[in-house]
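The structure appears below as structure tokens.
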Amino acid sequence: MTAHWAAHAWLPTGPATGVRIDTDGATITRVTTGQPRGDAHPLPGMVFPGFANPHSHAFHRALRGRTHGDGGTFWTWRDRMYALADRLDPDSYLRLARAAYAEMALAGVTAVGEFHYLHHAPGGTRYADPNAMGHALLQAAAEAGIRITLLDTCYLAGGIDEPLSRTQRRFSDGTAAAWADRVAALRPPPTDVGFPPAPAATPTRGAGAPPPPQAAAPDPTKIISPGGPPSSTLPSTADSSEPLAGGLWTTPGVADRTAAAQGAAHPRPSSMAVVGAAIHSVRAVPRDQLPEVAAFDGPLHVHLSEQPAENAACLAAHGCTPTRLLAEAGALGPRTTAVHATHLTPDDIRLLAGSHVCFCPTTEGDLADGHGPARELLDAGARLSLGSDQHAVVDPLAEARALEHGERHRTGQRGRISPHELVTALTGAGYDSLGHAGGRIEAGAPADLVALRLDSVRTAGSLPEQVVLAASASDVDTVIVGGREVVRGGRHVLGDVGALLAEAIAELWT
């Protein structure tokens, strides 16, 4: 049994004081307010439920600070992203994603949704393990200590009625049926994997800084090389007999191909890994293939109307908006998350009522996408969450502020999204969109907690109930996932995450 105490904590009813949080280790068993500290372990500042990041492309982290030299457009940025995609293999992807997920943990992220379409080797050649890249991501999250929903993405076309480019061929399984066959084989990491010794990194800390908490050990980064067998240095993910939660389909024929996944159902509250599905976009999945992907019984995400060009192409080819096309394919509803949803019609907003919508304000600003109708979507009944997408910024609090500031720029009104709604977007709504229980400090929820300092140069003097609009990732002091401290005093258990990022990124550009 472990008990934590917070002078201030954000409960489902809002901010509270003197909060004691009792756990059985991984799960919260009781929450009481107005309590003295007593024998409980104190957490500093304001304690929030763990932050969820429902939309991540881990490999985009290697683009930060490398795409601004000549301005350009979303489409020229995409060309640079494709050049990076051609350089990755399962081993380098594990190193990069582990560091990227550790950076998220430092910012308070306890659950990530990885929108994963980098499936195969360059040119489309299959690895010996067809899910080698997905297994690398699952392993990376385990080692970084955060929950993951692997949103395995169907990507079949280079655009509406356009063939795949050479780079895009590594994203594709050819058909939705072939995609479903591959996804059915995904397995979680062994339950005892997590928090391994940090790989050797060139020291960058100042003199006198504490060393990493663990000593050196054999390199855990080898999964499977193109065309080669799994390395013995990583516990095999293929040995697990239990498929990841969420990996079921409900349509006849598709379910037959997933017999190994029967019984997985939806995630347990303590699940560290869930498999979901994604439709890359209506550009990348032809109309006749959409229903098969939409039949996935679990979290379903989709890029939606990020660019006006996508809407124009869909109208020209199908005579309707992307949102309407998804609705007709059965791809909208309470388990669906529409990512971006920037350029919507009033009819699109009505169709998204009851679905999740994930805005990524720092990415949408970085790529000049625009700012979508957040208030209108909330008022229509959509549930709003926040993602970091390309990781130009990894700071959930910056995303929350950018959401409200975007609304202010768009309408000339303050307070469009209340602090309570912002916290919900950062926590419970994001967890729900990923198929994870959590995002709430209440009995029965996983013990995922983020302690945010109230005494920094950014937060000093702020009202605790408004600190979400003042703080940054630098104010995150402690992060607990499933009862385990992943971050303490602003330091990750893997040690120097900056060094891990620098080395993982350097190898991709040299």
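The way I read the labels, and the way they are meant: chains A, B, ... in the order of the structure tokens, residue 1 as the first residue of every chain, and ligand 1 as the first ligand shown, with later ones counted on from there.
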
Find the nearest atom pair between each residue of range 343-398 of chain A and range 402-415 of chain A for residues within 12 Å, count only C-alpha atoms, give distances in Å to one decimal, sort rows by chain and ascending number, and present the table as JSON lines.
{"residue": "A:Cys358", "atom": "CA", "partner": "A:Leu403", "partner_atom": "CA", "distance": 10.8}
{"residue": "A:Phe359", "atom": "CA", "partner": "A:Leu403", "partner_atom": "CA", "distance": 7.8}
{"residue": "A:Cys360", "atom": "CA", "partner": "A:Leu403", "partner_atom": "CA", "distance": 8.3}
{"residue": "A:Pro361", "atom": "CA", "partner": "A:Ala402", "partner_atom": "CA", "distance": 5.8}
{"residue": "A:Thr362", "atom": "CA", "partner": "A:Ala402", "partner_atom": "CA", "distance": 6.9}
{"residue": "A:Thr363", "atom": "CA", "partner": "A:Ala402", "partner_atom": "CA", "distance": 10.3}
{"residue": "A:Glu364", "atom": "CA", "partner": "A:Ala402", "partner_atom": "CA", "distance": 10.1}
{"residue": "A:Gly365", "atom": "CA", "partner": "A:Ala402", "partner_atom": "CA", "distance": 9.0}
{"residue": "A:Asp366", "atom": "CA", "partner": "A:Ala402", "partner_atom": "CA", "distance": 11.7}
{"residue": "A:Gly370", "atom": "CA", "partner": "A:Gly406", "partner_atom": "CA", "distance": 9.0}
{"residue": "A:His371", "atom": "CA", "partner": "A:Gly406", "partner_atom": "CA", "distance": 6.3}
{"residue": "A:Gly372", "atom": "CA", "partner": "A:Glu407", "partner_atom": "CA", "distance": 8.5}
{"residue": "A:Pro373", "atom": "CA", "partner": "A:Glu407", "partner_atom": "CA", "distance": 7.9}
{"residue": "A:Ala374", "atom": "CA", "partner": "A:Glu407", "partner_atom": "CA", "distance": 7.3}
{"residue": "A:Arg375", "atom": "CA", "partner": "A:Glu407", "partner_atom": "CA", "distance": 7.7}
{"residue": "A:Glu376", "atom": "CA", "partner": "A:Glu407", "partner_atom": "CA", "distance": 10.4}
{"residue": "A:Leu384", "atom": "CA", "partner": "A:Leu403", "partner_atom": "CA", "distance": 10.4}
{"residue": "A:Ser385", "atom": "CA", "partner": "A:Leu403", "partner_atom": "CA", "distance": 10.1}
{"residue": "A:Leu386", "atom": "CA", "partner": "A:Leu403", "partner_atom": "CA", "distance": 8.5}
{"residue": "A:Gly387", "atom": "CA", "partner": "A:Leu403", "partner_atom": "CA", "distance": 10.9}
{"residue": "A:Ser388", "atom": "CA", "partner": "A:Ala402", "partner_atom": "CA", "distance": 11.5}
{"residue": "A:Val393", "atom": "CA", "partner": "A:Ala402", "partner_atom": "CA", "distance": 11.3}
{"residue": "A:Asp395", "atom": "CA", "partner": "A:Ala402", "partner_atom": "CA", "distance": 10.6}
{"residue": "A:Pro396", "atom": "CA", "partner": "A:Ala402", "partner_atom": "CA", "distance": 9.7}
{"residue": "A:Leu397", "atom": "CA", "partner": "A:Ala402", "partner_atom": "CA", "distance": 8.5}
{"residue": "A:Ala398", "atom": "CA", "partner": "A:Ala402", "partner_atom": "CA", "distance": 6.0}

Find the residues of range 64-174 of chain A that sit at most 12 Å from range 324-345 of chain A; for each, write down the nearest two atoms and how far apart they are in Å, to one decimal. Count only C-alpha atoms. Sort by chain, then by number going up, and give it as a Markdown table.
| residue | atom | partner | partner_atom | distance |
| --- | --- | --- | --- | --- |
| A:Gly113 | CA | A:Thr337 | CA | 10.8 |
| A:Phe115 | CA | A:Val339 | CA | 10.2 |
| A:Leu151 | CA | A:Thr337 | CA | 11.0 |

Kindly export the residues of the current selection with all heavy atoms, as an mmCIF file, in the first residue's frame.
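That gives us selection01.cif:
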data_model
loop_
_atom_site.group_PDB
_atom_site.id
_atom_site.type_symbol
_atom_site.label_atom_id
_atom_site.label_comp_id
_atom_site.auth_asym_id
_atom_site.auth_seq_id
_atom_site.Cartn_x
_atom_site.Cartn_y
_atom_site.Cartn_z
ATOM 1 N N GLY A 113 -0.695 8.015 -27.708
ATOM 2 C CA GLY A 113 -1.273 7.341 -28.858
ATOM 3 C C GLY A 113 -0.321 7.491 -30.025
ATOM 4 O O GLY A 113 -0.095 8.601 -30.510
ATOM 5 N N PHE A 115 0.463 7.084 -33.714
ATOM 6 C CA PHE A 115 -0.180 6.941 -35.030
ATOM 7 C C PHE A 115 0.878 6.369 -35.971
ATOM 8 O O PHE A 115 1.660 7.084 -36.581
ATOM 9 C CB PHE A 115 -0.653 8.319 -35.482
ATOM 10 C CG PHE A 115 -1.720 8.331 -36.531
ATOM 11 C CD1 PHE A 115 -3.054 8.551 -36.193
ATOM 12 C CD2 PHE A 115 -1.401 8.176 -37.867
ATOM 13 C CE1 PHE A 115 -4.039 8.609 -37.179
ATOM 14 C CE2 PHE A 115 -2.374 8.232 -38.858
ATOM 15 C CZ PHE A 115 -3.704 8.440 -38.514
ATOM 16 N N LEU A 151 -1.579 2.819 -32.533
ATOM 17 C CA LEU A 151 -2.641 3.021 -33.517
ATOM 18 C C LEU A 151 -2.109 2.595 -34.876
ATOM 19 O O LEU A 151 -1.590 3.390 -35.650
ATOM 20 C CB LEU A 151 -3.070 4.485 -33.510
ATOM 21 C CG LEU A 151 -3.674 4.937 -32.170
ATOM 22 C CD1 LEU A 151 -3.618 6.450 -32.030
ATOM 23 C CD2 LEU A 151 -5.098 4.425 -32.026
#

Open item on the list: So that I can see what lies close to range 162-172 of chain A, please list as JSON, numbers by chain the residues with an atom at most 6 Å from it, counting only C-alpha atoms and leaving out residues fewer than 5 positions away in the same chain.
Closed with: {"A": [117, 118, 119, 120, 121, 122, 123, 124, 155, 156, 157]}

Write out the residues from the selection above, keeping N, CA, C and O atoms, as a short mmCIF file (atom, residue, chain, number, x, y, z; two decimals), in the first residue's frame.
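Generated file (selection08.cif):
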data_model
loop_
_atom_site.label_atom_id
_atom_site.label_comp_id
_atom_site.auth_asym_id
_atom_site.auth_seq_id
_atom_site.Cartn_x
_atom_site.Cartn_y
_atom_site.Cartn_z
N TYR A 117 2.50 4.36 -39.00
CA TYR A 117 2.36 3.85 -40.38
C TYR A 117 3.69 3.48 -41.01
O TYR A 117 3.74 3.11 -42.18
N LEU A 118 4.77 3.52 -40.26
CA LEU A 118 6.09 3.19 -40.79
C LEU A 118 6.31 1.69 -40.58
O LEU A 118 7.08 1.26 -39.74
N HIS A 119 5.62 0.87 -41.38
CA HIS A 119 5.50 -0.55 -41.09
C HIS A 119 6.64 -1.40 -41.63
O HIS A 119 7.09 -2.33 -40.97
N HIS A 120 7.09 -1.13 -42.84
CA HIS A 120 7.97 -2.05 -43.55
C HIS A 120 9.32 -1.40 -43.85
O HIS A 120 9.56 -0.25 -43.50
N ALA A 121 10.20 -2.16 -44.49
CA ALA A 121 11.51 -1.64 -44.87
C ALA A 121 11.37 -0.70 -46.07
O ALA A 121 10.34 -0.72 -46.77
N PRO A 122 12.37 0.13 -46.33
CA PRO A 122 12.28 1.03 -47.49
C PRO A 122 11.95 0.27 -48.76
O PRO A 122 12.45 -0.82 -49.01
N GLY A 123 11.07 0.87 -49.55
CA GLY A 123 10.61 0.24 -50.78
C GLY A 123 9.48 -0.74 -50.57
O GLY A 123 8.93 -1.28 -51.54
N GLY A 124 9.10 -1.00 -49.32
CA GLY A 124 7.98 -1.89 -49.04
C GLY A 124 8.35 -3.32 -48.71
O GLY A 124 7.47 -4.14 -48.47
N TYR A 155 -2.65 2.49 -44.69
CA TYR A 155 -2.17 3.52 -45.63
C TYR A 155 -1.98 2.81 -46.98
O TYR A 155 -1.06 2.02 -47.15
N LEU A 156 -2.84 3.09 -47.93
CA LEU A 156 -2.89 2.29 -49.15
C LEU A 156 -2.65 3.08 -50.43
O LEU A 156 -2.41 2.47 -51.47
N ALA A 157 -2.73 4.40 -50.40
CA ALA A 157 -2.65 5.20 -51.63
C ALA A 157 -1.84 6.46 -51.37
O ALA A 157 -1.72 6.94 -50.24
#

TODO: Run DSSP on the backbone and give me the residues of range 303-339 of chain A it puts in helix (DSSP H, G or I), as a list of chain:residue names.
DONE: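 Listing helix (DSSP H, G or I) positions across range 303-339 of chain A yields A:Pro308, A:Ala309, A:Glu310, A:Asn311, A:Ala312, A:Ala313, A:Cys314, A:Leu315, A:Ala316, A:Ala317, A:His318, A:Pro322, A:Thr323, A:Arg324, A:Leu325, A:Leu326, A:Ala327, A:Glu328.
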
Can I get the selected residues back with N, CA and C atoms, as an mmCIF file, in the first residue's frame?
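For reference, result11.cif as written:
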data_model
loop_
_atom_site.group_PDB
_atom_site.id
_atom_site.type_symbol
_atom_site.label_atom_id
_atom_site.label_comp_id
_atom_site.auth_asym_id
_atom_site.auth_seq_id
_atom_site.Cartn_x
_atom_site.Cartn_y
_atom_site.Cartn_z
ATOM 1 N N PRO A 308 -6.935 22.394 -46.525
ATOM 2 C CA PRO A 308 -8.023 22.634 -47.487
ATOM 3 C C PRO A 308 -7.892 21.787 -48.739
ATOM 4 N N ALA A 309 -6.655 21.475 -49.142
ATOM 5 C CA ALA A 309 -6.461 20.662 -50.351
ATOM 6 C C ALA A 309 -7.080 19.276 -50.199
ATOM 7 N N GLU A 310 -7.061 18.724 -48.992
ATOM 8 C CA GLU A 310 -7.694 17.425 -48.759
ATOM 9 C C GLU A 310 -9.195 17.514 -48.976
ATOM 10 N N ASN A 311 -9.807 18.571 -48.469
ATOM 11 C CA ASN A 311 -11.245 18.748 -48.666
ATOM 12 C C ASN A 311 -11.593 18.904 -50.138
ATOM 13 N N ALA A 312 -10.789 19.703 -50.852
ATOM 14 C CA ALA A 312 -11.062 19.940 -52.275
ATOM 15 C C ALA A 312 -10.950 18.657 -53.078
ATOM 16 N N ALA A 313 -9.917 17.853 -52.785
ATOM 17 C CA ALA A 313 -9.741 16.600 -53.522
ATOM 18 C C ALA A 313 -10.882 15.633 -53.241
ATOM 19 N N CYS A 314 -11.338 15.578 -51.990
ATOM 20 C CA CYS A 314 -12.435 14.671 -51.632
ATOM 21 C C CYS A 314 -13.738 15.116 -52.293
ATOM 22 N N LEU A 315 -14.002 16.402 -52.285
ATOM 23 C CA LEU A 315 -15.209 16.909 -52.945
ATOM 24 C C LEU A 315 -15.186 16.605 -54.436
ATOM 25 N N ALA A 316 -14.010 16.778 -55.075
ATOM 26 C CA ALA A 316 -13.902 16.530 -56.505
ATOM 27 C C ALA A 316 -14.108 15.053 -56.841
ATOM 28 N N ALA A 317 -13.565 14.159 -55.989
ATOM 29 C CA ALA A 317 -13.622 12.725 -56.290
ATOM 30 C C ALA A 317 -14.922 12.080 -55.840
ATOM 31 N N HIS A 318 -15.457 12.525 -54.703
ATOM 32 C CA HIS A 318 -16.580 11.812 -54.088
ATOM 33 C C HIS A 318 -17.831 12.666 -53.903
ATOM 34 N N PRO A 322 -14.579 15.053 -46.401
ATOM 35 C CA PRO A 322 -13.987 13.884 -45.751
ATOM 36 C C PRO A 322 -14.802 13.389 -44.554
ATOM 37 N N THR A 323 -15.364 14.294 -43.779
ATOM 38 C CA THR A 323 -16.161 13.878 -42.627
ATOM 39 C C THR A 323 -17.389 13.087 -43.068
ATOM 40 N N ARG A 324 -18.078 13.574 -44.082
ATOM 41 C CA ARG A 324 -19.241 12.865 -44.591
ATOM 42 C C ARG A 324 -18.838 11.501 -45.144
ATOM 43 N N LEU A 325 -17.707 11.418 -45.842
ATOM 44 C CA LEU A 325 -17.242 10.147 -46.385
ATOM 45 C C LEU A 325 -16.986 9.138 -45.272
ATOM 46 N N LEU A 326 -16.359 9.578 -44.180
ATOM 47 C CA LEU A 326 -16.112 8.694 -43.047
ATOM 48 C C LEU A 326 -17.419 8.257 -42.397
ATOM 49 N N ALA A 327 -18.363 9.168 -42.282
ATOM 50 C CA ALA A 327 -19.651 8.820 -41.687
ATOM 51 C C ALA A 327 -20.348 7.741 -42.503
ATOM 52 N N GLU A 328 -20.301 7.868 -43.818
ATOM 53 C CA GLU A 328 -20.959 6.884 -44.685
ATOM 54 C C GLU A 328 -20.272 5.524 -44.610
#

Open item on the list: I'd like the contact shell of Ala443 in chain A - 12 Å cut-off, only C-alpha atoms, skipping same-chain residues fewer than 6 positions apart - returned as a list in words.
Closed with: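 Counting only C-alpha atoms, the residues come to Leu11, Pro12, Arg20, Ile21, Asp22, Thr23, Asp24, Ala26, Thr27, Ile28, Thr29, Arg30, Val31, Thr32, Pro269 and Ala437 of chain A.
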
- [ ] Can you pull out every residue within 8 Å of Val497 in chain A, counting only C-alpha atoms, but drop anything in the same chain fewer than 5 positions away, and send it as a count of residues only?
- [x] 4

- [ ] Please identify which residues in range 295-509 of chain A DSSP calls strand (DSSP E or B) from the backbone, and express them as JSON, numbers by chain.
- [x] {"A": [296, 297, 300, 301, 302, 303, 304, 336, 337, 338, 339, 340, 356, 357, 358, 359, 383, 384, 385, 386, 389, 446, 449, 450, 451, 452, 476, 477, 478, 479, 480, 481, 484, 485, 486, 487, 488, 491, 492, 495]}

Task: Computed interatomic separation between CA of Ala144 in chain A and CA of Leu508 in chain A (Å) - done: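 A separation of 20.3 Å between them.
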
- [ ] Go ahead and compute the interatomic distance for CA of Val19 in chain A and CA of Leu434 in chain A, in Å to one decimal.
- [x]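 So the two atoms, CA of Val19 in chain A and CA of Leu434 in chain A, lie 27.3 Å apart.
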
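Of the listed residues A:Ala136, A:Ala128, A:Ala447, A:Leu63, the one whose atoms come nearest to Tyr93 in chain A is A:Ala136, with distances taken using only C-alpha atoms.
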
Task: Best match for closeness to Pro419 in chain A among A:Val467, A:Ala3, A:Leu378, A:Val457, counting only C-alpha atoms - done: A:Val467

Task: Selection: 7 Å around range 59-61 of chain A, only C-alpha atoms, excl. self and same-chain fewer than 4 positions, as number ranges by chain - done: A: 96-97, 100, 390-391

- [ ] For CA of Pro44 in chain A and CA of Ala7 in chain A, quote the distance in Å rounded to one decimal.
- [x] 7.5 Å

Open item on the list: Under the rule that only C-alpha atoms are counted, which of A:Val282, A:Ala40, A:Ala382, A:Leu300 is the nearest residue to Thr321 in chain A?
Closed with: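 So, comparing all the options, the nearest one is A:Val282.
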